[in-house]
$ cat run.txt   # compact mmCIF, C-alpha atoms
# COMPACT_ATOMS: atom_id res chain seq x y z
CA MET A 132 -5.11 -85.87 65.41
CA THR A 133 -2.68 -83.50 67.15
CA LEU A 134 1.01 -84.41 67.16
CA GLY A 135 2.45 -81.21 68.59
CA GLY A 136 5.95 -80.12 67.68
CA THR A 137 6.97 -78.55 64.38
CA CYS A 138 6.42 -79.48 60.77
CA VAL A 139 8.55 -77.98 58.00
CA VAL A 140 7.06 -78.00 54.50
CA THR A 141 9.23 -77.26 51.49
CA GLY A 142 7.34 -75.75 48.58
CA GLY A 143 4.76 -74.99 51.22
CA ALA A 144 3.25 -72.01 49.38
CA GLY A 145 2.66 -73.98 46.19
CA PHE A 146 -0.52 -75.60 44.91
CA VAL A 147 -0.41 -78.72 47.08
CA GLY A 148 1.34 -77.06 50.02
CA THR A 149 -1.30 -74.36 50.30
CA ALA A 150 -4.08 -76.91 50.16
CA LEU A 151 -2.34 -78.99 52.83
CA SER A 152 -1.61 -76.07 55.16
CA ALA A 153 -4.81 -76.07 57.22
CA SER A 154 -4.66 -79.76 58.11
CA LEU A 155 -1.00 -79.44 59.11
CA ALA A 156 -1.76 -76.36 61.22
CA ASP A 157 -4.47 -78.38 62.97
CA THR A 158 -1.97 -81.15 63.67
CA PHE A 159 1.23 -79.36 64.75
CA GLU A 160 2.00 -76.59 67.21
CA GLN A 161 4.15 -74.90 64.57
CA VAL A 162 4.19 -75.19 60.78
CA VAL A 163 6.91 -73.50 58.73
CA ALA A 164 6.58 -73.29 54.95
CA VAL A 165 9.78 -72.71 52.96
CA ASP A 166 9.12 -71.45 49.43
CA ASN A 167 10.95 -69.20 46.98
CA LEU A 168 7.65 -67.91 45.47
CA LEU A 169 8.76 -68.75 41.93
CA PRO A 170 7.28 -66.06 39.62
CA GLN A 171 6.05 -68.74 37.21
CA ILE A 172 3.67 -69.90 39.95
CA HIS A 173 3.41 -66.74 42.06
CA PRO A 174 3.39 -63.83 39.57
CA GLN A 175 2.61 -61.27 42.30
CA GLN A 176 5.35 -62.60 44.62
CA VAL A 177 3.05 -62.42 47.63
CA ARG A 178 1.84 -64.88 50.24
CA PRO A 179 -0.98 -67.01 48.78
CA ALA A 180 -4.39 -66.10 50.15
CA GLY A 181 -5.17 -69.78 50.68
CA LEU A 182 -2.15 -70.45 52.88
CA ASP A 183 -3.43 -70.98 56.41
CA PRO A 184 -2.67 -67.89 58.55
CA ARG A 185 -1.22 -70.10 61.29
CA VAL A 186 1.60 -71.14 58.94
CA GLU A 187 4.87 -69.19 59.07
CA LEU A 188 6.12 -68.53 55.54
CA ARG A 189 9.84 -68.17 54.94
CA VAL A 190 10.60 -66.91 51.45
CA ALA A 191 13.86 -68.66 50.68
CA ASP A 192 15.52 -71.10 48.29
CA ILE A 193 15.98 -74.71 49.43
CA CYS A 194 19.13 -74.89 47.28
CA ASP A 195 20.86 -72.27 49.44
CA PRO A 196 22.60 -73.71 52.53
CA ALA A 197 21.96 -70.41 54.34
CA THR A 198 18.22 -71.06 54.09
CA TRP A 199 18.63 -74.18 56.20
CA ASP A 200 21.20 -72.73 58.57
CA ASP A 201 18.89 -69.81 59.36
CA LEU A 202 15.84 -72.05 59.81
CA LEU A 203 17.43 -74.88 61.78
CA ALA A 204 19.18 -72.53 64.17
CA THR A 205 15.83 -72.23 65.96
CA VAL A 206 13.59 -74.95 64.49
CA HIS A 207 13.86 -78.71 65.06
CA PRO A 208 11.19 -80.35 62.91
CA GLU A 209 9.28 -83.39 64.07
CA VAL A 210 8.23 -84.01 60.46
CA VAL A 211 9.44 -82.68 57.11
CA VAL A 212 7.06 -82.70 54.15
CA HIS A 213 9.14 -82.27 51.02
CA LEU A 214 7.04 -80.83 48.19
CA ALA A 215 9.51 -78.41 46.57
CA ALA A 216 10.40 -79.39 43.00
CA GLU A 217 10.75 -78.23 39.44
CA THR A 218 7.87 -80.05 37.79
CA ALA A 219 7.64 -79.16 34.08
CA THR A 220 8.17 -82.52 32.36
CA GLY A 221 8.59 -81.15 28.83
CA LEU A 222 10.87 -78.31 29.89
CA SER A 223 13.08 -80.69 31.82
CA LEU A 224 14.49 -82.01 28.55
CA THR A 225 16.10 -78.66 27.79
CA MET A 226 16.49 -77.40 31.38
CA ALA A 227 18.10 -80.46 32.91
CA SER A 228 20.50 -78.42 35.02
CA GLN A 229 17.67 -76.42 36.62
CA HIS A 230 15.61 -79.51 37.42
CA THR A 231 18.64 -81.31 38.79
CA ALA A 232 19.72 -78.31 40.87
CA THR A 233 16.33 -78.02 42.58
CA ASN A 234 15.13 -81.58 42.77
CA VAL A 235 18.41 -83.37 43.47
CA ALA A 236 20.90 -80.82 44.83
CA GLY A 237 18.18 -78.94 46.74
CA THR A 238 17.07 -82.15 48.42
CA ALA A 239 20.68 -82.96 49.29
CA GLN A 240 21.18 -79.48 50.79
CA MET A 241 18.15 -80.05 53.01
CA LEU A 242 19.33 -83.45 54.18
CA ASP A 243 22.89 -82.24 54.82
CA ALA A 244 21.59 -79.35 56.89
CA LEU A 245 19.31 -81.57 58.98
CA ALA A 246 22.34 -83.72 59.81
CA ARG A 247 24.64 -80.75 60.31
CA HIS A 248 22.27 -79.17 62.84
CA GLN A 249 21.46 -82.50 64.49
CA ALA A 250 17.84 -81.86 63.61
CA VAL A 251 16.90 -85.25 62.21
CA PRO A 252 13.08 -85.43 62.04
CA ARG A 253 11.03 -88.42 63.07
CA ARG A 254 9.60 -88.69 59.56
CA VAL A 255 10.27 -87.32 56.07
CA VAL A 256 7.30 -87.40 53.69
CA LEU A 257 8.23 -86.96 50.02
CA ALA A 258 5.78 -86.09 47.26
CA SER A 259 7.19 -88.03 44.33
CA SER A 260 5.66 -88.61 40.92
CA ARG A 261 4.35 -91.29 38.60
CA ALA A 262 7.01 -89.93 36.19
CA VAL A 263 9.53 -92.25 37.84
CA TYR A 264 7.86 -95.20 36.05
CA GLY A 265 8.31 -93.80 32.56
CA GLU A 266 6.18 -95.86 30.18
CA GLY A 267 5.60 -98.34 32.97
CA ALA A 268 5.08 -102.03 32.43
CA TRP A 269 3.01 -103.55 29.64
CA ARG A 270 1.66 -107.07 29.35
CA GLY A 271 2.66 -109.03 26.29
CA GLY A 272 0.62 -111.62 24.46
CA ASP A 273 2.17 -114.37 26.59
CA GLY A 274 0.96 -112.65 29.78
CA ARG A 275 4.39 -111.57 30.95
CA LEU A 276 5.29 -108.04 32.00
CA VAL A 277 7.64 -106.25 29.65
CA TYR A 278 9.22 -102.80 29.67
CA PRO A 279 9.05 -101.32 26.17
CA ALA A 280 11.65 -98.90 24.90
CA GLN A 281 11.00 -95.18 25.16
CA ARG A 282 8.87 -93.85 22.32
CA THR A 283 11.04 -91.86 19.94
CA ALA A 284 10.34 -88.63 18.10
CA ALA A 285 10.46 -90.59 14.83
CA SER A 286 7.89 -93.17 15.93
CA LEU A 287 5.59 -90.50 17.31
CA ALA A 288 5.88 -88.48 14.09
CA ASP A 289 4.70 -91.62 12.28
CA GLY A 290 1.67 -91.85 14.57
CA GLN A 291 2.88 -94.98 16.35
CA TRP A 292 1.22 -94.24 19.66
CA ASP A 293 0.90 -97.64 21.34
CA TYR A 294 3.09 -100.74 21.51
CA PRO A 295 1.73 -103.48 19.20
CA GLN A 296 0.36 -106.66 20.81
CA MET A 297 0.81 -105.24 24.31
CA GLU A 298 -1.52 -103.79 26.94
CA PRO A 299 -0.48 -101.30 29.64
CA VAL A 300 -0.89 -102.16 33.31
CA ALA A 301 -1.36 -99.99 36.39
CA MET A 302 1.66 -98.38 38.02
CA ASP A 303 2.32 -100.28 41.23
CA ALA A 304 5.49 -99.87 43.29
CA SER A 305 5.29 -103.49 44.44
CA SER A 306 5.51 -104.94 40.93
CA VAL A 307 6.47 -102.28 38.37
CA GLU A 308 10.05 -101.07 38.09
CA PRO A 309 10.81 -97.34 37.87
CA ARG A 310 12.25 -96.56 34.43
CA PRO A 311 11.89 -92.82 33.83
CA VAL A 312 11.88 -91.41 30.30
CA SER A 313 12.11 -87.71 31.18
CA VAL A 314 14.72 -85.67 32.99
CA TYR A 315 12.02 -84.72 35.49
CA GLY A 316 11.32 -88.39 36.18
CA VAL A 317 15.02 -89.08 36.64
CA THR A 318 15.31 -86.29 39.22
CA LYS A 319 12.23 -87.45 41.12
CA LEU A 320 13.61 -90.98 41.34
CA ALA A 321 16.87 -89.52 42.60
CA GLN A 322 14.89 -87.63 45.24
CA GLU A 323 13.27 -90.86 46.36
CA ASN A 324 16.61 -92.62 46.67
CA LEU A 325 18.26 -89.72 48.48
CA VAL A 326 15.47 -89.36 51.03
CA THR A 327 15.13 -93.11 51.61
CA VAL A 328 18.84 -93.86 52.00
CA TRP A 329 19.41 -90.80 54.20
CA ALA A 330 16.40 -91.51 56.41
CA ARG A 331 17.38 -95.14 56.93
CA SER A 332 20.91 -94.11 57.86
CA PHE A 333 19.82 -91.48 60.39
CA GLY A 334 16.88 -93.33 61.91
CA ALA A 335 14.07 -91.29 60.36
CA GLN A 336 10.99 -92.80 58.71
CA PRO A 337 10.82 -92.16 54.95
CA VAL A 338 7.35 -92.07 53.38
CA VAL A 339 7.29 -91.72 49.59
CA LEU A 340 4.04 -91.02 47.76
CA ARG A 341 4.08 -91.36 43.97
CA LEU A 342 1.38 -88.95 42.84
CA GLN A 343 -0.50 -89.24 39.58
CA ASN A 344 -1.89 -86.12 37.78
CA VAL A 345 -2.92 -83.76 40.56
CA TYR A 346 -5.47 -81.05 39.73
CA GLY A 347 -8.08 -78.90 41.39
CA PRO A 348 -8.91 -75.54 42.96
CA GLY A 349 -5.83 -73.46 43.72
CA GLN A 350 -3.78 -74.69 40.76
CA SER A 351 -2.15 -71.71 39.10
CA PRO A 352 -4.18 -70.61 36.04
CA HIS A 353 -1.28 -68.38 34.95
CA ASN A 354 1.49 -70.98 34.86
CA PRO A 355 1.93 -72.17 31.24
CA TYR A 356 3.26 -75.48 32.55
CA THR A 357 0.44 -76.12 34.99
CA GLY A 358 -1.84 -79.15 34.94
CA ILE A 359 -3.56 -80.07 31.71
CA LEU A 360 -7.08 -79.73 33.10
CA VAL A 361 -6.51 -76.08 34.02
CA LEU A 362 -5.26 -75.50 30.48
CA PHE A 363 -8.37 -77.23 29.10
CA CYS A 364 -10.55 -74.95 31.23
CA ARG A 365 -8.86 -71.83 29.91
CA ILE A 366 -9.30 -72.92 26.30
CA ALA A 367 -12.93 -73.99 26.73
CA ALA A 368 -13.83 -70.82 28.66
CA GLU A 369 -12.70 -68.84 25.61
CA GLY A 370 -15.10 -70.84 23.45
CA ARG A 371 -12.35 -72.69 21.60
CA ALA A 372 -12.05 -76.40 20.85
CA ILE A 373 -9.60 -78.18 23.13
CA PRO A 374 -6.76 -79.73 21.07
CA LEU A 375 -6.07 -83.39 21.81
CA TYR A 376 -2.53 -84.66 21.40
CA GLU A 377 -1.73 -87.99 19.75
CA ASP A 378 -5.08 -89.69 19.05
CA GLY A 379 -6.87 -88.45 22.15
CA GLN A 380 -6.72 -91.92 23.68
CA VAL A 381 -3.84 -91.23 26.07
CA ARG A 382 -4.90 -92.53 29.50
CA ARG A 383 -4.28 -90.57 32.67
CA ASP A 384 -5.17 -90.87 36.34
CA PHE A 385 -6.50 -87.48 37.42
CA VAL A 386 -6.55 -87.19 41.21
CA LEU A 387 -8.17 -84.19 42.90
CA VAL A 388 -5.97 -82.14 45.21
CA ASP A 389 -8.42 -82.72 48.08
CA ASP A 390 -7.68 -86.44 47.88
CA VAL A 391 -3.93 -85.83 47.64
CA VAL A 392 -4.06 -83.63 50.74
CA ASP A 393 -5.83 -86.44 52.57
CA ALA A 394 -3.14 -88.92 51.48
CA LEU A 395 -0.30 -86.60 52.52
CA HIS A 396 -1.90 -85.90 55.89
CA ARG A 397 -2.29 -89.61 56.54
CA ALA A 398 1.35 -90.12 55.51
CA VAL A 399 2.29 -87.60 58.22
CA VAL A 400 0.21 -89.02 61.08
CA THR A 401 -0.33 -92.73 60.42
CA ASP A 402 1.55 -95.20 62.59
CA GLY A 403 3.15 -98.24 61.01
CA VAL A 404 4.03 -96.70 57.66
CA VAL A 405 6.04 -98.84 55.27
CA ASP A 406 9.49 -98.14 53.90
CA ARG A 407 8.45 -98.38 50.23
CA PRO A 408 6.68 -96.01 47.83
CA LEU A 409 2.90 -95.79 47.81
CA ASP A 410 0.97 -94.97 44.64
CA ILE A 411 -1.64 -92.22 44.91
CA GLY A 412 -4.32 -91.90 42.24
CA SER A 413 -8.04 -91.68 41.76
CA GLY A 414 -8.59 -95.41 41.44
CA GLU A 415 -9.66 -94.98 37.82
CA HIS A 416 -8.16 -93.89 34.54
CA GLN A 417 -9.68 -91.76 31.81
CA THR A 418 -8.63 -90.88 28.31
CA ILE A 419 -7.57 -87.33 27.63
CA ALA A 420 -10.53 -87.12 25.24
CA THR A 421 -12.98 -87.99 28.02
CA ALA A 422 -11.51 -85.38 30.34
CA ALA A 423 -11.59 -82.75 27.60
CA ARG A 424 -15.22 -83.50 26.78
CA LEU A 425 -16.22 -83.04 30.42
CA VAL A 426 -14.57 -79.62 30.46
CA ALA A 427 -15.96 -78.60 27.06
CA GLU A 428 -19.50 -79.53 28.08
CA ARG A 429 -19.18 -77.51 31.28
CA TYR A 430 -18.36 -74.37 29.26
CA GLY A 431 -20.52 -75.07 26.22
CA ALA A 432 -17.37 -75.12 24.08
CA PRO A 433 -16.97 -76.99 20.78
CA GLN A 434 -16.09 -80.66 20.90
CA PRO A 435 -12.36 -81.36 21.42
CA GLN A 436 -10.36 -81.97 18.27
CA VAL A 437 -7.64 -84.56 17.73
CA THR A 438 -4.54 -82.84 16.34
CA GLY A 439 -1.97 -85.63 16.12
CA GLN A 440 0.56 -83.38 17.86
CA PHE A 441 2.78 -84.93 20.52
CA ARG A 442 5.24 -83.91 23.18
CA GLU A 443 8.55 -85.67 23.65
CA GLY A 444 8.91 -87.10 27.14
CA ASP A 445 5.19 -87.82 27.53
CA VAL A 446 4.25 -91.39 28.27
CA ARG A 447 1.34 -93.10 26.57
CA HIS A 448 -0.65 -94.37 29.54
CA ALA A 449 -0.40 -93.86 33.29
CA TRP A 450 -2.61 -94.81 36.20
CA ALA A 451 -2.07 -96.07 39.74
CA GLN A 452 -2.85 -99.25 41.60
CA VAL A 453 -3.88 -97.79 44.97
CA THR A 454 -4.31 -100.98 47.01
CA ALA A 455 -1.13 -100.44 49.04
CA ALA A 456 -2.10 -96.86 49.94
CA SER A 457 -5.46 -98.15 51.09
CA ASP A 458 -3.90 -100.93 53.17
CA VAL A 459 -1.15 -98.82 54.75
CA LEU A 460 -2.81 -95.42 55.13
CA GLY A 461 -6.47 -96.38 55.17
CA TRP A 462 -6.81 -94.00 52.25
CA SER A 463 -8.84 -93.98 49.07
CA ALA A 464 -9.90 -91.22 46.70
CA ARG A 465 -13.34 -89.74 47.28
CA TYR A 466 -13.78 -87.85 44.01
CA ASP A 467 -14.19 -89.25 40.53
CA LEU A 468 -13.25 -87.14 37.51
CA ALA A 469 -16.70 -85.69 36.91
CA ALA A 470 -16.98 -84.47 40.50
CA GLY A 471 -13.42 -83.15 40.43
CA VAL A 472 -13.93 -81.25 37.17
CA ALA A 473 -17.03 -79.64 38.68
CA ARG A 474 -14.94 -78.51 41.67
CA LEU A 475 -12.19 -77.19 39.41
CA THR A 476 -14.43 -75.31 36.98
CA ASP A 477 -16.47 -73.71 39.77
CA TRP A 478 -13.22 -72.37 41.20
CA MET A 479 -11.87 -71.30 37.80
CA ASP A 480 -15.03 -69.21 37.30
CA THR A 481 -13.96 -67.07 40.27
CA GLN A 482 -10.44 -66.37 38.91
CA ASP A 483 -9.16 -63.45 36.87
CA LEU A 484 -7.61 -65.22 33.89
CA ASP A 485 -6.34 -62.10 32.08
$ encode --input "run.txt" --output "structure tokens"
Amino acid sequence: MTLGGTCVVTGGAGFVGTALSASLADTFEQVVAVDNLLPQIHPQQVRPAGLDPRVELRVADICDPATWDDLLATVHPEVVVHLAAETATGLSLTMASQHTATNVAGTAQMLDALARHQAVPRRVVLASSRAVYGEGAWRGGDGRLVYPAQRTAASLADGQWDYPQMEPVAMDASSVEPRPVSVYGVTKLAQENLVTVWARSFGAQPVVLRLQNVYGPGQSPHNPYTGILVLFCRIAAEGRAIPLYEDGQVRRDFVLVDDVVDALHRAVVTDGVVDRPLDIGSGEHQTIATAARLVAERYGAPQPQVTGQFREGDVRHAWAQVTAASDVLGWSARYDLAAGVARLTDWMDTQDLD
């Protein structure tokens, strides 16, 4: 589908932005990616090879008002896809100011500039995160949904991983309240609220996608805070046993970047989008132990080992109910974890990991 006009993508040279670039270039007459090429993700500080050549890359910081004044002096976007964010959940506990500056203040700078230049887009698509839910909702013995307190360092040190007499439920924006337990999650929820309130006020369409654990080819193998499956691949490729935090039974929803790109593209082009968040996941959940075993078997590495270690700010279980995304966007994931791990490891084999 060709829309014409211009699409601006923040964080457009990142993992997801690069993967999305070709479909956007097929859809719009002009695509402009704004990215500061953070060394943590782009150690060589150069344009990513996978970024579609039709995309104009502007190396700039979304937190700087001059970035937007320079861009919007000549560009009036039809659609903005907002991907730029600080994403390290664990680091956000000790780098709250940095996460807030990028995720909250940076988003506000963008929105102010769009208003200032009278360049309100038709639609703003935000890549949010399952982190906004925190521990999510659990079902008690009486069948009611409850929201347990955040797990503490003391309880985790005692090996109290789950909540007694309760079962976790899928993360679903229509029924589960957002209650973040990390600074990162707090800033992503603030992003959602900023974009939604601003878009409603100025007559734009907000589309918020709450992404589960995104992984796949193109994810930085050099970033120490990258996705857990890339880390597992690096460990297994070295012939080492993958360490499993807690008891290895943490549940996650691993969704391949190809499926996320499809969801984002549909969020850009689909008519009749809804003004409420949509959950994007694989449609299944796996334990961390299962994911680690798949990776270990691919590399012939030793079996993963439970360590009992934990990370403050991590939630116990997380997976998405994707019915709304299917109904609204006509979208569903095409890859299960086994197929996705095969795609990831094949790509990792082509990378220089030194």
$ closest_residue --input "run.txt" --among "A:Leu245, A:Ala420, A:Ala427, A:Ile359" --to "A:Glu377" --atoms "only C-alpha atoms"
A:Ala420
$ residues_near_point --input "run.txt" --point "(0.8, -74.8, 46.6)" --cutoff "12 Å" --atoms "all atoms listed in the file" --output "JSON list (two decimals) with C-alpha atoms, keeping the file's coordinate frame"
[["chain", "number", "residue", "atom", "x", "y", "z"],
["A", 140, "VAL", "CA", 7.06, -78.00, 54.50],
["A", 141, "THR", "CA", 9.23, -77.26, 51.49],
["A", 142, "GLY", "CA", 7.34, -75.75, 48.58],
["A", 143, "GLY", "CA", 4.76, -74.99, 51.22],
["A", 144, "ALA", "CA", 3.25, -72.01, 49.38],
["A", 145, "GLY", "CA", 2.66, -73.98, 46.19],
["A", 146, "PHE", "CA", -0.52, -75.60, 44.91],
["A", 147, "VAL", "CA", -0.41, -78.72, 47.08],
["A", 148, "GLY", "CA", 1.34, -77.06, 50.02],
["A", 149, "THR", "CA", -1.30, -74.36, 50.30],
["A", 150, "ALA", "CA", -4.08, -76.91, 50.16],
["A", 151, "LEU", "CA", -2.34, -78.99, 52.83],
["A", 152, "SER", "CA", -1.61, -76.07, 55.16],
["A", 164, "ALA", "CA", 6.58, -73.29, 54.95],
["A", 165, "VAL", "CA", 9.78, -72.71, 52.96],
["A", 166, "ASP", "CA", 9.12, -71.45, 49.43],
["A", 167, "ASN", "CA", 10.95, -69.20, 46.98],
["A", 168, "LEU", "CA", 7.65, -67.91, 45.47],
["A", 169, "LEU", "CA", 8.76, -68.75, 41.93],
["A", 172, "ILE", "CA", 3.67, -69.90, 39.95],
["A", 173, "HIS", "CA", 3.41, -66.74, 42.06],
["A", 178, "ARG", "CA", 1.84, -64.88, 50.24],
["A", 179, "PRO", "CA", -0.98, -67.01, 48.78],
["A", 180, "ALA", "CA", -4.39, -66.10, 50.15],
["A", 181, "GLY", "CA", -5.17, -69.78, 50.68],
["A", 182, "LEU", "CA", -2.15, -70.45, 52.88],
["A", 183, "ASP", "CA", -3.43, -70.98, 56.41],
["A", 214, "LEU", "CA", 7.04, -80.83, 48.19],
["A", 215, "ALA", "CA", 9.51, -78.41, 46.57],
["A", 216, "ALA", "CA", 10.40, -79.39, 43.00],
["A", 345, "VAL", "CA", -2.92, -83.76, 40.56],
["A", 346, "TYR", "CA", -5.47, -81.05, 39.73],
["A", 347, "GLY", "CA", -8.08, -78.90, 41.39],
["A", 348, "PRO", "CA", -8.91, -75.54, 42.96],
["A", 349, "GLY", "CA", -5.83, -73.46, 43.72],
["A", 350, "GLN", "CA", -3.78, -74.69, 40.76],
["A", 351, "SER", "CA", -2.15, -71.71, 39.10],
["A", 357, "THR", "CA", 0.44, -76.12, 34.99],
["A", 388, "VAL", "CA", -5.97, -82.14, 45.21],
["A", 392, "VAL", "CA", -4.06, -83.63, 50.74]]
$ atom_distance --input "run.txt" --atom1 "atom CA of A:Val314" --atom2 "atom CA of A:His448"
18.0 Å
$ closest_residue --input "run.txt" --among "A:Pro352, A:Pro295, A:Gly461, A:Gly412" --to "A:Val400" --atoms "all atoms listed in the file"
A:Gly461
$ residues_around --input "run.txt" --residues "A:Leu468" --least-positions-apart "2" --cutoff "12 Å" --atoms "all atoms listed in the file" --output "ChimeraX atom specification"
/A:344-347,360,383-388,390,412-419,421-426,464-466,470-476
$ residues_around --input "run.txt" --residues "A:Met241" --least-positions-apart "2" --cutoff "12 Å" --atoms "all atoms listed in the file" --output "number ranges by chain"
A: 139-141, 165, 192-200, 202-203, 211-213, 215, 233-239, 243-248, 250-252, 255, 322, 325-326, 329
$ atom_distance --input "run.txt" --atom1 "atom CA of A:Leu409" --atom2 "atom CA of A:Leu242"
21.5 Å
$ atom_distance --input "run.txt" --atom1 "atom CA of A:Phe333" --atom2 "atom CA of A:Glu308"
26.2 Å
$ axis_aligned_box --input "run.txt" --around "stretch 282-289 of chain A" --padding-each-side "4 Å" --output "lines of an AutoDock Vina configuration file"
center_x = 7.9
center_y = -91.2
center_z = 17.3
size_x = 14.3
size_y = 13.4
size_z = 18.0
$ residues_around --input "run.txt" --residues "A:Thr327" --least-positions-apart "5" --cutoff "12 Å" --atoms "all atoms listed in the file" --output "PDB file with C-alpha atoms, in the frame of the given file"
ATOM      1  CA  THR A 238      17.070 -82.150  48.420  1.00  0.00           C
ATOM      2  CA  ALA A 239      20.680 -82.960  49.290  1.00  0.00           C
ATOM      3  CA  LEU A 242      19.330 -83.450  54.180  1.00  0.00           C
ATOM      4  CA  ARG A 254       9.600 -88.690  59.560  1.00  0.00           C
ATOM      5  CA  VAL A 255      10.270 -87.320  56.070  1.00  0.00           C
ATOM      6  CA  VAL A 256       7.300 -87.400  53.690  1.00  0.00           C
ATOM      7  CA  LEU A 257       8.230 -86.960  50.020  1.00  0.00           C
ATOM      8  CA  SER A 259       7.190 -88.030  44.330  1.00  0.00           C
ATOM      9  CA  LEU A 320      13.610 -90.980  41.340  1.00  0.00           C
ATOM     10  CA  ALA A 321      16.870 -89.520  42.600  1.00  0.00           C
ATOM     11  CA  GLN A 322      14.890 -87.630  45.240  1.00  0.00           C
ATOM     12  CA  SER A 332      20.910 -94.110  57.860  1.00  0.00           C
ATOM     13  CA  PHE A 333      19.820 -91.480  60.390  1.00  0.00           C
ATOM     14  CA  GLY A 334      16.880 -93.330  61.910  1.00  0.00           C
ATOM     15  CA  ALA A 335      14.070 -91.290  60.360  1.00  0.00           C
ATOM     16  CA  GLN A 336      10.990 -92.800  58.710  1.00  0.00           C
ATOM     17  CA  PRO A 337      10.820 -92.160  54.950  1.00  0.00           C
ATOM     18  CA  VAL A 338       7.350 -92.070  53.380  1.00  0.00           C
ATOM     19  CA  VAL A 339       7.290 -91.720  49.590  1.00  0.00           C
ATOM     20  CA  LEU A 340       4.040 -91.020  47.760  1.00  0.00           C
ATOM     21  CA  VAL A 405       6.040 -98.840  55.270  1.00  0.00           C
ATOM     22  CA  ASP A 406       9.490 -98.140  53.900  1.00  0.00           C
ATOM     23  CA  ARG A 407       8.450 -98.380  50.230  1.00  0.00           C
ATOM     24  CA  PRO A 408       6.680 -96.010  47.830  1.00  0.00           C
TER      25      PRO A 408
END
$ closest_residue --input "run.txt" --among "A:Ile373, A:Leu276, A:Val361, A:Val446" --to "A:Glu298" --atoms "all atoms listed in the file"
A:Leu276
$ residues_near_point --input "run.txt" --point "(7.7, -74.1, 60.5)" --cutoff "6 Å" --atoms "all atoms listed in the file" --output "ChimeraX atom specification"
/A:137-139,161-164,187
$ residues_around --input "run.txt" --residues "A:Tyr376" --least-positions-apart "2" --cutoff "9 Å" --atoms "only C-alpha atoms" --output "PyMOL selection string"
chain A and resi 374+378-381+419+436-442
$ build_atoms --input "run.txt" --residues "stretch 153-166 of chain A" --atoms "N, CA and C atoms" --output "short mmCIF file (atom, residue, chain, number, x, y, z; two decimals), in the coordinates of the input"
data_model
loop_
_atom_site.label_atom_id
_atom_site.label_comp_id
_atom_site.auth_asym_id
_atom_site.auth_seq_id
_atom_site.Cartn_x
_atom_site.Cartn_y
_atom_site.Cartn_z
N ALA A 153 -3.86 -76.10 56.10
CA ALA A 153 -4.81 -76.07 57.22
C ALA A 153 -4.75 -77.36 58.04
N SER A 154 -4.68 -78.50 57.36
CA SER A 154 -4.66 -79.76 58.11
C SER A 154 -3.36 -79.90 58.89
N LEU A 155 -2.26 -79.40 58.35
CA LEU A 155 -1.00 -79.44 59.11
C LEU A 155 -1.05 -78.49 60.31
N ALA A 156 -1.65 -77.32 60.11
CA ALA A 156 -1.76 -76.36 61.22
C ALA A 156 -2.66 -76.90 62.32
N ASP A 157 -3.62 -77.74 61.97
CA ASP A 157 -4.47 -78.38 62.97
C ASP A 157 -3.72 -79.46 63.73
N THR A 158 -2.65 -79.98 63.14
CA THR A 158 -1.97 -81.15 63.67
C THR A 158 -0.73 -80.79 64.50
N PHE A 159 -0.02 -79.72 64.10
CA PHE A 159 1.23 -79.36 64.75
C PHE A 159 1.11 -78.04 65.49
N GLU A 160 1.96 -77.87 66.49
CA GLU A 160 2.00 -76.59 67.21
C GLU A 160 2.57 -75.49 66.33
N GLN A 161 3.50 -75.87 65.45
CA GLN A 161 4.15 -74.90 64.57
C GLN A 161 4.32 -75.53 63.19
N VAL A 162 3.97 -74.76 62.15
CA VAL A 162 4.19 -75.19 60.78
C VAL A 162 4.96 -74.09 60.07
N VAL A 163 6.09 -74.46 59.45
CA VAL A 163 6.91 -73.50 58.73
C VAL A 163 6.96 -73.93 57.26
N ALA A 164 6.52 -73.05 56.39
CA ALA A 164 6.58 -73.29 54.95
C ALA A 164 7.79 -72.57 54.39
N VAL A 165 8.62 -73.30 53.63
CA VAL A 165 9.78 -72.71 52.96
C VAL A 165 9.48 -72.72 51.47
N ASP A 166 9.50 -71.54 50.85
CA ASP A 166 9.12 -71.45 49.43
C ASP A 166 9.80 -70.22 48.84
#
